[in-house]
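*Asks:* Provided below: coords.cif, containing mmCIF, C-alpha atoms.
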```cif
data_run
#
loop_
_atom_site.label_atom_id
_atom_site.label_comp_id
_atom_site.auth_asym_id
_atom_site.auth_seq_id
_atom_site.Cartn_x
_atom_site.Cartn_y
_atom_site.Cartn_z
CA MET A 1 112.40 100.42 120.28
CA LYS A 2 110.52 97.54 118.67
CA ARG A 3 108.52 98.83 115.70
CA VAL A 4 105.47 97.03 114.38
CA VAL A 5 103.76 97.54 111.03
CA ALA A 6 100.11 96.90 110.26
CA GLN A 7 98.56 97.70 106.92
CA GLY A 8 95.20 97.74 105.22
CA THR A 9 92.55 99.71 103.42
CA PHE A 10 90.67 100.90 106.54
CA ASP A 11 87.62 102.10 104.65
CA ILE A 12 84.82 102.97 107.08
CA LEU A 13 86.42 102.09 110.40
CA HIS A 14 84.75 99.41 112.51
CA PRO A 15 85.53 97.36 115.66
CA GLY A 16 87.38 94.72 113.61
CA HIS A 17 89.90 97.35 112.54
CA LEU A 18 90.39 98.48 116.12
CA HIS A 19 90.87 94.88 117.28
CA TYR A 20 93.51 94.34 114.57
CA LEU A 21 95.41 97.51 115.44
CA ARG A 22 95.30 96.86 119.19
CA GLU A 23 96.62 93.36 118.67
CA ALA A 24 99.31 94.58 116.27
CA ALA A 25 100.41 97.22 118.80
CA SER A 26 100.81 94.50 121.44
CA PHE A 27 103.72 93.01 119.45
CA GLY A 28 106.01 95.98 120.06
CA ASP A 29 106.57 99.48 121.36
CA GLU A 30 105.54 101.57 118.35
CA LEU A 31 102.79 100.87 115.80
CA HIS A 32 103.15 102.21 112.28
CA VAL A 33 100.17 101.74 109.98
CA ILE A 34 100.37 101.80 106.20
CA VAL A 35 97.05 102.77 104.64
CA ALA A 36 96.61 101.43 101.12
CA ARG A 37 96.18 104.00 98.40
CA ARG A 38 92.83 103.79 96.65
CA GLU A 39 94.49 103.19 93.29
CA ASN A 40 96.38 100.19 94.68
CA VAL A 41 93.32 98.38 96.05
CA THR A 42 92.64 95.77 93.38
CA HIS A 43 91.54 92.71 95.38
CA LYS A 44 88.16 94.20 96.36
CA ALA A 45 85.96 97.21 95.66
CA PRO A 46 87.90 100.48 95.92
CA PRO A 47 87.53 102.44 99.14
CA VAL A 48 84.60 104.81 99.49
CA LEU A 49 86.65 107.32 101.48
CA SER A 50 89.66 109.25 100.20
CA ASN A 51 93.26 108.27 100.89
CA GLU A 52 93.84 111.21 103.22
CA GLN A 53 90.60 110.76 105.14
CA ARG A 54 91.36 107.09 105.81
CA ARG A 55 94.95 107.92 106.84
CA GLU A 56 93.77 110.68 109.17
CA MET A 57 91.16 108.47 110.85
CA VAL A 58 93.59 105.60 111.39
CA GLY A 59 96.21 108.01 112.72
CA GLY A 60 93.72 109.25 115.30
CA LEU A 61 93.25 105.84 116.90
CA ASP A 62 94.93 105.25 120.28
CA PRO A 63 97.02 102.20 119.33
CA VAL A 64 98.56 104.00 116.32
CA ASP A 65 101.80 105.96 116.66
CA GLU A 66 102.06 106.86 112.98
CA ALA A 67 99.83 106.38 109.94
CA ARG A 68 101.03 106.93 106.41
CA LEU A 69 99.83 106.22 102.91
CA GLY A 70 101.42 103.34 101.08
CA HIS A 71 103.86 103.92 98.24
CA PRO A 72 102.13 104.38 94.87
CA ASP A 73 104.30 101.76 93.12
CA ASP A 74 106.11 99.55 95.63
CA ILE A 75 104.48 98.26 98.81
CA PHE A 76 107.85 97.51 100.38
CA VAL A 77 109.23 101.08 100.28
CA PRO A 78 107.46 102.12 103.52
CA ILE A 79 108.56 98.85 105.15
CA GLU A 80 112.18 99.68 104.31
CA GLU A 81 111.75 103.19 105.72
CA ILE A 82 110.08 102.05 108.95
CA ASP A 83 112.42 99.07 109.51
CA PRO A 84 109.97 97.08 111.66
CA ALA A 85 110.70 94.08 113.85
CA VAL A 86 107.25 92.66 113.09
CA ILE A 87 104.66 92.95 110.34
CA VAL A 88 101.19 91.96 111.52
CA LEU A 89 98.67 90.97 108.87
CA GLY A 90 94.94 91.18 109.47
CA HIS A 91 93.23 87.85 110.07
CA ASP A 92 91.29 88.05 106.79
CA GLN A 93 93.74 89.93 104.59
CA HIS A 94 94.48 88.33 101.24
CA HIS A 95 98.26 88.45 101.69
CA ASP A 96 100.21 85.19 101.63
CA GLU A 97 102.55 85.11 104.63
CA SER A 98 105.18 82.96 102.91
CA GLY A 99 105.16 85.21 99.81
CA ILE A 100 105.67 88.27 101.99
CA ARG A 101 108.46 86.51 103.88
CA GLU A 102 110.21 85.67 100.58
CA ALA A 103 109.90 89.26 99.33
CA LEU A 104 111.28 90.60 102.61
CA ASP A 105 114.21 88.17 102.47
CA ALA A 106 114.94 89.14 98.86
CA ARG A 107 115.18 92.79 99.94
CA GLY A 108 117.26 92.07 103.03
CA ILE A 109 114.51 93.13 105.44
CA ASP A 110 114.80 91.18 108.68
CA CYS A 111 111.45 91.07 110.46
CA SER A 112 108.88 88.51 111.43
CA VAL A 113 105.45 88.20 109.84
CA ARG A 114 102.48 87.40 112.07
CA ARG A 115 98.76 87.04 111.50
CA ALA A 116 96.30 88.78 113.86
CA SER A 117 93.38 86.91 115.33
CA ALA A 118 89.79 87.48 114.31
CA ARG A 119 87.45 89.46 116.49
CA GLU A 120 84.26 87.62 117.21
CA PRO A 121 81.12 89.76 117.25
CA GLU A 122 80.44 90.97 120.77
CA TYR A 123 76.79 91.91 120.29
CA GLU A 124 73.94 90.86 118.06
CA ASP A 125 74.08 93.44 115.27
CA GLU A 126 77.81 94.24 115.30
CA LEU A 127 79.29 94.59 111.82
CA LEU A 128 82.96 93.71 111.39
CA SER A 129 83.26 94.28 107.66
CA THR A 130 83.22 97.49 105.64
CA GLY A 131 81.34 95.62 102.90
CA ASP A 132 78.66 94.59 105.39
CA ILE A 133 78.38 98.18 106.63
CA VAL A 134 77.96 99.49 103.07
CA ASP A 135 75.37 96.79 102.33
CA ARG A 136 73.38 97.70 105.44
CA ILE A 137 73.50 101.42 104.59
CA LEU A 138 72.27 100.73 101.07
CA ALA A 139 69.49 98.43 102.27
CA GLU A 140 68.29 100.73 105.02
CA ARG A 141 68.59 103.94 103.01
CA SER A 142 66.84 102.47 99.98
CA SER A 143 63.99 101.14 102.14
CA ASN A 144 63.63 104.62 103.66
CA ALA A 145 63.98 106.50 100.36
CA ASP A 146 60.72 108.34 100.85
CA CYS A 147 61.87 109.78 104.20
CA THR A 148 63.39 113.23 104.35
CA ASP A 149 67.14 113.54 104.12
CA ASP A 150 68.47 113.52 107.70
CA ARG A 151 72.19 113.66 107.05
CA ALA A 152 74.15 115.75 109.50
#
```
Mind converting the file's structure to structure tokens?
*Replies:*
Amino acid sequence: MKRVVAQGTFDILHPGHLHYLREAASFGDELHVIVARRENVTHKAPPVLSNEQRREMVGGLDPVDEARLGHPDDIFVPIEEIDPAVIVLGHDQHHDESGIREALDARGIDCSVRRASAREPEYEDELLSTGDIVDRILAERSSNADCTDDRA
């Protein structure tokens, strides 16, 4: 059984996330996804959604066999537990592949590190970034502030 690991924040799921996870799954037989804990996201704005909600949503996607929250202190603990053959990084994730490779080697973890491809927008108004989705919500909701609240 060839296990693959993907990881990320996965705040407000969008087609770019699905593309990443489908591609990651294609590298093996079993896809394990590590969802970053809110308190560990320091390279961008913290997630809007809770840790558990993001984990549950990712776990419900077809390509995903298991979704778990990352370790609160050490990002490599889940990697050691899963023992993957491949770690697939998102095309735009801030991680340095060579730095990850060095950290894996130092811990005796033998797996390859790959980088997923980008998904190109497939239609005119497709948003492939959580930040872009949040910006659009804020712009559209603030321009319609005098409308009645239509939340479901």
*Asks:* Which of these residues is nearest to Gly131 of chain A, using only C-alpha atoms: A:Arg3, A:Lys44, A:Ala24, A:Val113?
*Replies:*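 Closest to Gly131 of chain A of all the choices is A:Lys44.
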*Asks:* When the PyMOL selection byres ((chain A and resi 86) around 8) is applied to the file above, which residues end up in the set, as a list of chain:residue names?
*Replies:*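 Given this file, the PyMOL selection byres ((chain A and resi 86) around 8) evaluates to A:Arg3, A:Val4, A:Val5, A:Phe27, A:Gly28, A:Pro84, A:Ala85, A:Ile87, A:Val88, A:Cys111, A:Ser112, A:Val113, A:Arg114.
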*Asks:* At a cut-off of 9 Å, using all atoms listed in the file, what residues contact Ser26 of chain A? Leave out same-chain residues fewer than 4 positions from it and give the result as a ChimeraX atom specification.
*Replies:* /A:4,21-22,31,63
*Asks:* What is the atom CA of His43 of chain A to atom CA of Asp62 of chain A distance in Å?
*Replies:*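 Distance reported for this atom pair: 28.1 Å.
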*Asks:* Between atom CA of Thr130 of chain A and atom CA of Ile12 of chain A, measure the distance and give it in Å to one decimal.
*Replies:*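 Atom CA of Thr130 of chain A sits 5.9 Å away from atom CA of Ile12 of chain A.
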*Asks:* For a test of reading the model, state the distance in Å between atom CA of Val134 of chain A and atom CA of Arg115 of chain A, rounded to one decimal.
*Replies:*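 Atom CA of Arg115 of chain A lies at a distance of 25.7 Å from atom CA of Val134 of chain A.
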*Asks:* Given the file above and the PyMOL selection byres ((chain A and resi 104) around 12), which residues are selected, and can you give them as an mmCIF file with C-alpha atoms, in the frame of the given file?
*Replies:*
```
data_model
loop_
_atom_site.group_PDB
_atom_site.id
_atom_site.type_symbol
_atom_site.label_atom_id
_atom_site.label_comp_id
_atom_site.auth_asym_id
_atom_site.auth_seq_id
_atom_site.Cartn_x
_atom_site.Cartn_y
_atom_site.Cartn_z
ATOM 1 C CA ILE A 75 104.480 98.260 98.810
ATOM 2 C CA PHE A 76 107.850 97.510 100.380
ATOM 3 C CA VAL A 77 109.230 101.080 100.280
ATOM 4 C CA ILE A 79 108.560 98.850 105.150
ATOM 5 C CA GLU A 80 112.180 99.680 104.310
ATOM 6 C CA ASP A 83 112.420 99.070 109.510
ATOM 7 C CA PRO A 84 109.970 97.080 111.660
ATOM 8 C CA ALA A 85 110.700 94.080 113.850
ATOM 9 C CA VAL A 86 107.250 92.660 113.090
ATOM 10 C CA ILE A 87 104.660 92.950 110.340
ATOM 11 C CA GLU A 97 102.550 85.110 104.630
ATOM 12 C CA SER A 98 105.180 82.960 102.910
ATOM 13 C CA GLY A 99 105.160 85.210 99.810
ATOM 14 C CA ILE A 100 105.670 88.270 101.990
ATOM 15 C CA ARG A 101 108.460 86.510 103.880
ATOM 16 C CA GLU A 102 110.210 85.670 100.580
ATOM 17 C CA ALA A 103 109.900 89.260 99.330
ATOM 18 C CA ASP A 105 114.210 88.170 102.470
ATOM 19 C CA ALA A 106 114.940 89.140 98.860
ATOM 20 C CA ARG A 107 115.180 92.790 99.940
ATOM 21 C CA GLY A 108 117.260 92.070 103.030
ATOM 22 C CA ILE A 109 114.510 93.130 105.440
ATOM 23 C CA ASP A 110 114.800 91.180 108.680
ATOM 24 C CA CYS A 111 111.450 91.070 110.460
ATOM 25 C CA SER A 112 108.880 88.510 111.430
ATOM 26 C CA VAL A 113 105.450 88.200 109.840
#
```
*Asks:* My list of candidates is A:Lys2, A:His95, A:Arg141, A:Gly60. Which is closest to Leu18 of chain A when distances are computed with only C-alpha atoms?
*Replies:*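 Among A:Lys2, A:His95, A:Arg141, A:Gly60, it is A:Gly60 that comes nearest to Leu18 of chain A.
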*Asks:* Which centre and which edge lengths, in Å to one decimal, describe the axis-aligned box that holds all listed atoms of segment 5-22 of chain A after 5 Å is added on each side, as lines of an AutoDock Vina configuration file?
*Replies:*
```
center_x = 94.3
center_y = 98.7
center_z = 111.3
size_x = 29.0
size_y = 18.6
size_z = 25.8
```
*Asks:* Considering all atoms listed in the file, can you say which of A:Gly70, A:Gln93, A:Val58, A:Ile137 comes closest to His14 of chain A?
*Replies:*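 For His14 of chain A, the nearest of the candidates is A:Val58.
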*Asks:* To test your reading of the syntax: which residues would the PyMOL selection byres ((chain A and resi 68) around 7) return for the file shown? Reply as an NGL selection string.
*Replies:* :A and (33-35 or 55 or 66-67 or 69-70)
*Asks:* For each of A:Asp92, A:Asp125, A:Asp11, A:Asp132, take the minimum atom-to-atom distance to Val48 of chain A, counting all atoms listed in the file, then give the residue where this is smallest.
*Replies:*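 So, comparing all the options, the nearest one is A:Asp11.
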*Asks:* Might you pull out every residue within 10 Å of Arg119 of chain A, with all atoms listed in the file counted and same-chain residues fewer than 2 positions away left off, and present them as a list in words?
*Replies:* Pro15, Gly16, His17, Leu18, His19, Tyr20, His91, Ala116, Ser117, Pro121, Glu122 and Leu128 of chain A
*Asks:* In terms of the shortest atom-to-atom distance over only C-alpha atoms, which of A:Glu140, A:Glu23, A:Glu52, A:Glu39 is closest to Ala118 of chain A?
*Replies:*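 Checking each candidate against Ala118 of chain A, we get A:Glu23 as the closest.
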